[in-house]
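Chemist: Right, I'll just put the structure down here and ask away after.
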Amino acid sequence: MISPLVDELAGGILRVTFPLPLGIDHVHCYLLPGTDGWTLVDTGLGLPGAEDRWREVLAELERPVARIVVTHFHPDHAGGGEIVQGLTGAPVLQGARDYELCERVWGREDWSDRMAGYLQANGLPAEIAEELRQESRTLAPFIRFAREPERIGEGDDVDGWRVLELPGHADGHIALFRGGVLVAGDHLLARITPTVGLYPESRPDPLGDFLESLARTIELAPSYALPGHNEPLEEPVARAREIVDHHRVRLDEAAAALAAGARTGYEVSLALFDANLDPSGRRFALAESLAHLERLVREGRARRSGDGGAVSYTGT
Ligand SMILES: [Zn+2]
């Protein structure tokens with residue numbers, strides 16, 4: 001391989017890395033060798049220049065891309081779908097629930113407004129909500145997801161890889177598993193914990209989902225995992241345990257933040273996360289705090305009041 005975008009990993013798997021402009025500075029896609037060509041997992045973001053980068057990568061492959069799998073609908077994974085589908089002509093496979101979210105979130109014009117309104121109802125100051133609204137509108141043209149993919153789900157076989165549904169980081173998150181190798185998307189990451197947030201279109205308890213998916217991962221005991229960001233995981237089970245522990249601690253911190261009286265999600269996010277985050281960092285922090293608060297509600301450790309209007313949480 002000559003392209004600086006591509007690394008060769010164990011088992012003949014290729015890793016393609018693209019730069020990202022916001023937050024994490026890169027995303028990985030993977031090419032899995034198979035009987036009829038490559039299975040490409042994830043597509044990057046549809047930024048200007050993405051098409052040229054993909055052309056450069058594809059030109060070096062001696063075999064065709066036979067299919068494209070999207071692990072989850074987040075822009076850095078699904079946003080280049082239309083581009084790479086156009087360049088390869090390969091079918092796109094995506095989780096059914098995940099594609100539904102793609103349509104309901106990126107496919108609708110009012111997403112920026114719904115998101116900003118929702119965050120404001122959870123205490124986010126109006127000027128930060130307005131910045132996020134603008135940022136979301138700026139990002140929208142680069143989310144070029146593939147339309148009408150083939151829907152896949154738990155237990156399906158994709159060229160010898162088993163599809164796992166691992167909700168949490170995204171409600172419809174899927175991964176591929178074979179011979180101890182987990183192509184993990186953002187379900188497991190080294191150095192950073194995958195974000196778990198409550199959003200307008202989310203399932204009601206994403207952290208509960210995530211903790212169950214982590215327990216399942218520990219049971220499946222993969223020996224190696226290929227994540228959407230950062231380096232491969234040599235000890236995925238240990239990493240899954242660390243992430244579970246991280247959330248247990250954070251649940252206690254969220255409960256402690258309610259000790260002095262009712263708090264909005266935004267106020268709790270100031271207690272749990274750095275107080276000086278940029279608007280996009282604050283959005284993740286707030287959505288993540290809400291995921292923890294909703295888990296506390298389900299565990300009987302908090303109560304929510306003010307549905308639909310100004311929402312706040314109280315300890316029990
Ligand atoms: Zn990601």
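In the structure tokens, the first chain shown is A, the next is B, and so on; residue numbers restart at 1 for each chain, and ligands run from 1 in the order shown.
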For segment 62-67 of chain A, work out the shell of residues within 9 Å, counting only C-alpha atoms and skipping chain neighbours fewer than 4 positions away, then give it as a ChimeraX atom specification.
Modeler: /A:31,34,36-41,58,85,88-93
Chemist: When the cut-off is 8 Å and you count only C-alpha atoms and all ligand atoms, which residues lie near ligand 1, shown as an mmCIF file with N, CA and C atoms, in the first residue's frame?
Modeler:
```
data_model
loop_
_atom_site.group_PDB
_atom_site.id
_atom_site.type_symbol
_atom_site.label_atom_id
_atom_site.label_comp_id
_atom_site.auth_asym_id
_atom_site.auth_seq_id
_atom_site.Cartn_x
_atom_site.Cartn_y
_atom_site.Cartn_z
ATOM 1 N N VAL A 27 -11.054 9.440 11.809
ATOM 2 C CA VAL A 27 -11.957 8.286 11.914
ATOM 3 C C VAL A 27 -11.365 7.153 11.088
ATOM 4 N N HIS A 74 -23.888 8.014 12.914
ATOM 5 C CA HIS A 74 -23.198 9.266 13.218
ATOM 6 C C HIS A 74 -22.430 9.756 11.983
ATOM 7 N N PRO A 75 -22.338 11.107 11.845
ATOM 8 C CA PRO A 75 -21.815 11.673 10.598
ATOM 9 C C PRO A 75 -20.444 11.135 10.180
ATOM 10 N N ASP A 76 -19.562 10.879 11.147
ATOM 11 C CA ASP A 76 -18.207 10.430 10.786
ATOM 12 C C ASP A 76 -18.162 8.968 10.329
ATOM 13 N N HIS A 77 -19.261 8.255 10.444
ATOM 14 C CA HIS A 77 -19.307 6.854 10.018
ATOM 15 C C HIS A 77 -20.208 6.643 8.798
ATOM 16 N N GLY A 185 -16.868 -0.465 15.476
ATOM 17 C CA GLY A 185 -17.403 0.895 15.365
ATOM 18 C C GLY A 185 -16.989 1.685 16.589
ATOM 19 N N ASP A 186 -17.916 2.438 17.176
ATOM 20 C CA ASP A 186 -17.583 3.210 18.382
ATOM 21 C C ASP A 186 -18.125 2.554 19.648
ATOM 22 N N GLY A 228 -13.592 2.568 15.721
ATOM 23 C CA GLY A 228 -13.732 3.666 14.768
ATOM 24 C C GLY A 228 -12.762 4.808 15.002
ATOM 25 N N HIS A 229 -12.153 4.846 16.174
ATOM 26 C CA HIS A 229 -11.169 5.887 16.493
ATOM 27 C C HIS A 229 -10.082 5.258 17.371
#
```
Chemist: Smallest atom-to-atom distance to Phe284 of chain A: which of A:Thr195, A:Ser136, A:Thr43, A:Ser202, using only C-alpha atoms?
Modeler: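 Once distances to Phe284 of chain A are computed over only C-alpha atoms, the minimum belongs to A:Thr195.
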Chemist: Just asking: which residues within segment 205-255 of chain A are alpha helix (DSSP H) according to DSSP, as a ChimeraX atom specification?
Modeler: /A:206-220,236-255
Chemist: Write the residues you've just listed into a file as a CSV table (one decimal), in the first residue's frame, and include C-alpha atoms for each of them.
Modeler:
```csv
chain,number,residue,atom,x,y,z
A,206,PRO,CA,-29.3,4.7,26.2
A,207,LEU,CA,-26.9,4.2,29.1
A,208,GLY,CA,-28.9,1.1,30.3
A,209,ASP,CA,-28.7,-0.2,26.7
A,210,PHE,CA,-24.9,0.5,26.6
A,211,LEU,CA,-24.2,-1.2,30.0
A,212,GLU,CA,-26.1,-4.3,28.7
A,213,SER,CA,-24.1,-4.2,25.4
A,214,LEU,CA,-20.9,-4.0,27.4
A,215,ALA,CA,-21.9,-7.0,29.5
A,216,ARG,CA,-22.7,-8.9,26.4
A,217,THR,CA,-19.2,-8.0,25.0
A,218,ILE,CA,-17.6,-9.3,28.1
A,219,GLU,CA,-19.5,-12.5,27.7
A,220,LEU,CA,-18.6,-12.8,24.0
A,236,PRO,CA,-11.3,-5.6,24.6
A,237,VAL,CA,-12.8,-7.4,27.6
A,238,ALA,CA,-10.7,-5.4,30.0
A,239,ARG,CA,-11.6,-2.2,28.2
A,240,ALA,CA,-15.3,-3.1,28.4
A,241,ARG,CA,-15.0,-3.6,32.1
A,242,GLU,CA,-13.2,-0.2,32.5
A,243,ILE,CA,-16.0,1.5,30.6
A,244,VAL,CA,-18.6,-0.1,32.8
A,245,ASP,CA,-16.7,1.0,35.9
A,246,HIS,CA,-16.4,4.5,34.5
A,247,HIS,CA,-20.2,4.8,34.2
A,248,ARG,CA,-20.8,3.4,37.6
A,249,VAL,CA,-18.6,6.2,39.1
A,250,ARG,CA,-20.2,8.8,36.9
A,251,LEU,CA,-23.7,7.6,38.0
A,252,ASP,CA,-22.7,8.2,41.6
A,253,GLU,CA,-21.4,11.6,40.7
A,254,ALA,CA,-24.6,12.5,38.9
A,255,ALA,CA,-26.6,11.3,42.0
```
Chemist: Find the residues near Asp98 of chain A: any atom within 8 Å, counting only C-alpha atoms, skip ones fewer than 5 places away on the same chain, and give them as number ranges by chain.
Modeler: A: 72-73, 170-173
Chemist: I'd like the neighbourhood of Ala260 of chain A as JSON, numbers by chain, where a residue qualifies if any of its atoms comes within 9 Å (using only C-alpha atoms), though same-chain residues fewer than 4 positions away should be ignored.
Modeler: {"A": [256, 314, 315]}
Chemist: Using C-alpha atoms, can you export the residues from the last selection as a CSV table (one decimal), in the first residue's frame?
Modeler:
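Contents of selection-v4.csv, freshly written:
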```csv
chain,number,residue,atom,x,y,z
A,256,ALA,CA,-24.3,13.4,44.2
A,314,THR,CA,-34.3,15.7,41.9
A,315,GLY,CA,-32.5,13.1,44.0
```
Chemist: So how far away is atom CA of Val196 of chain A from atom CA of His169 of chain A, in Å?
Modeler: 4.8 Å
Chemist: Find the residues near Pro21 of chain A: any atom within 12 Å, counting only C-alpha atoms, skip ones fewer than 2 places away on the same chain, and give them as a list in words.
Modeler: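 So the residues in contact are Phe18, Pro19, Gly23, Ile24, Asp25, His26, Val27, Gly44, Leu45, Gly46, Leu47, Pro48, Pro75, Asp76, Leu139 and Phe142 of chain A.
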Chemist: Which residues in segment 55-122 of chain A does DSSP call strand (DSSP E)? List them as an NGL selection string.
Modeler: :A and (65-70 or 92-95)
Chemist: A:Arg53, A:Ala257, A:Leu32, A:Thr17: which is nearest Gly160 of chain A, counting only C-alpha atoms?
Modeler: A:Leu32
Chemist: So which residues touch Val183 of chain A within 8 Å, counting only C-alpha atoms, skipping near sequence neighbours fewer than 4 positions away, as an MDAnalysis selection string?
Modeler: chainID A and resid 175:177 225:227
Chemist: Could those selected residues go to a file with N, CA and C atoms, as a PDB file, in the first residue's frame?
Modeler:
```
ATOM      1  N   ALA A 175     -22.109  -4.250  15.039  1.00  0.00           N
ATOM      2  CA  ALA A 175     -20.693  -4.581  14.935  1.00  0.00           C
ATOM      3  C   ALA A 175     -20.607  -5.914  14.206  1.00  0.00           C
ATOM      4  N   LEU A 176     -19.406  -6.256  13.742  1.00  0.00           N
ATOM      5  CA  LEU A 176     -19.182  -7.535  13.073  1.00  0.00           C
ATOM      6  C   LEU A 176     -18.214  -8.357  13.915  1.00  0.00           C
ATOM      7  N   PHE A 177     -18.479  -9.657  13.989  1.00  0.00           N
ATOM      8  CA  PHE A 177     -17.711 -10.524  14.883  1.00  0.00           C
ATOM      9  C   PHE A 177     -17.355 -11.822  14.156  1.00  0.00           C
ATOM     10  N   ALA A 225     -10.148  -6.000  19.025  1.00  0.00           N
ATOM     11  CA  ALA A 225     -11.249  -5.173  18.505  1.00  0.00           C
ATOM     12  C   ALA A 225     -10.699  -4.022  17.688  1.00  0.00           C
ATOM     13  N   LEU A 226     -11.396  -3.747  16.598  1.00  0.00           N
ATOM     14  CA  LEU A 226     -11.011  -2.666  15.694  1.00  0.00           C
ATOM     15  C   LEU A 226     -12.032  -1.539  15.834  1.00  0.00           C
ATOM     16  N   PRO A 227     -11.625  -0.441  16.457  1.00  0.00           N
ATOM     17  CA  PRO A 227     -12.561   0.642  16.742  1.00  0.00           C
ATOM     18  C   PRO A 227     -12.566   1.732  15.670  1.00  0.00           C
TER      19      PRO A 227
END
```
Chemist: Give me the residues within 10 Å of Pro204 of chain A as a PyMOL selection string, counting only C-alpha atoms and dropping any in the same chain fewer than 4 places off.
Modeler: chain A and resi 171+198-200+208-209+291+294-295+298
Chemist: Go through A:Glu51, A:Asp157, A:Asp113, A:Glu201 and flag the residue nearest Arg137 of chain A, using only C-alpha atoms for the distances.
Modeler: A:Asp113
Chemist: What gap, in Å, lies between atom CA of Pro222 of chain A and atom CA of Glu235 of chain A?
Modeler: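 Those two atoms sit 8.2 Å apart.
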Chemist: So, counting only C-alpha atoms, which residue among A:Val297, A:Ala262, A:Leu272, A:Val158 is closest to Tyr313 of chain A?
Modeler: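 Smallest separation from Tyr313 of chain A among the options: A:Ala262.
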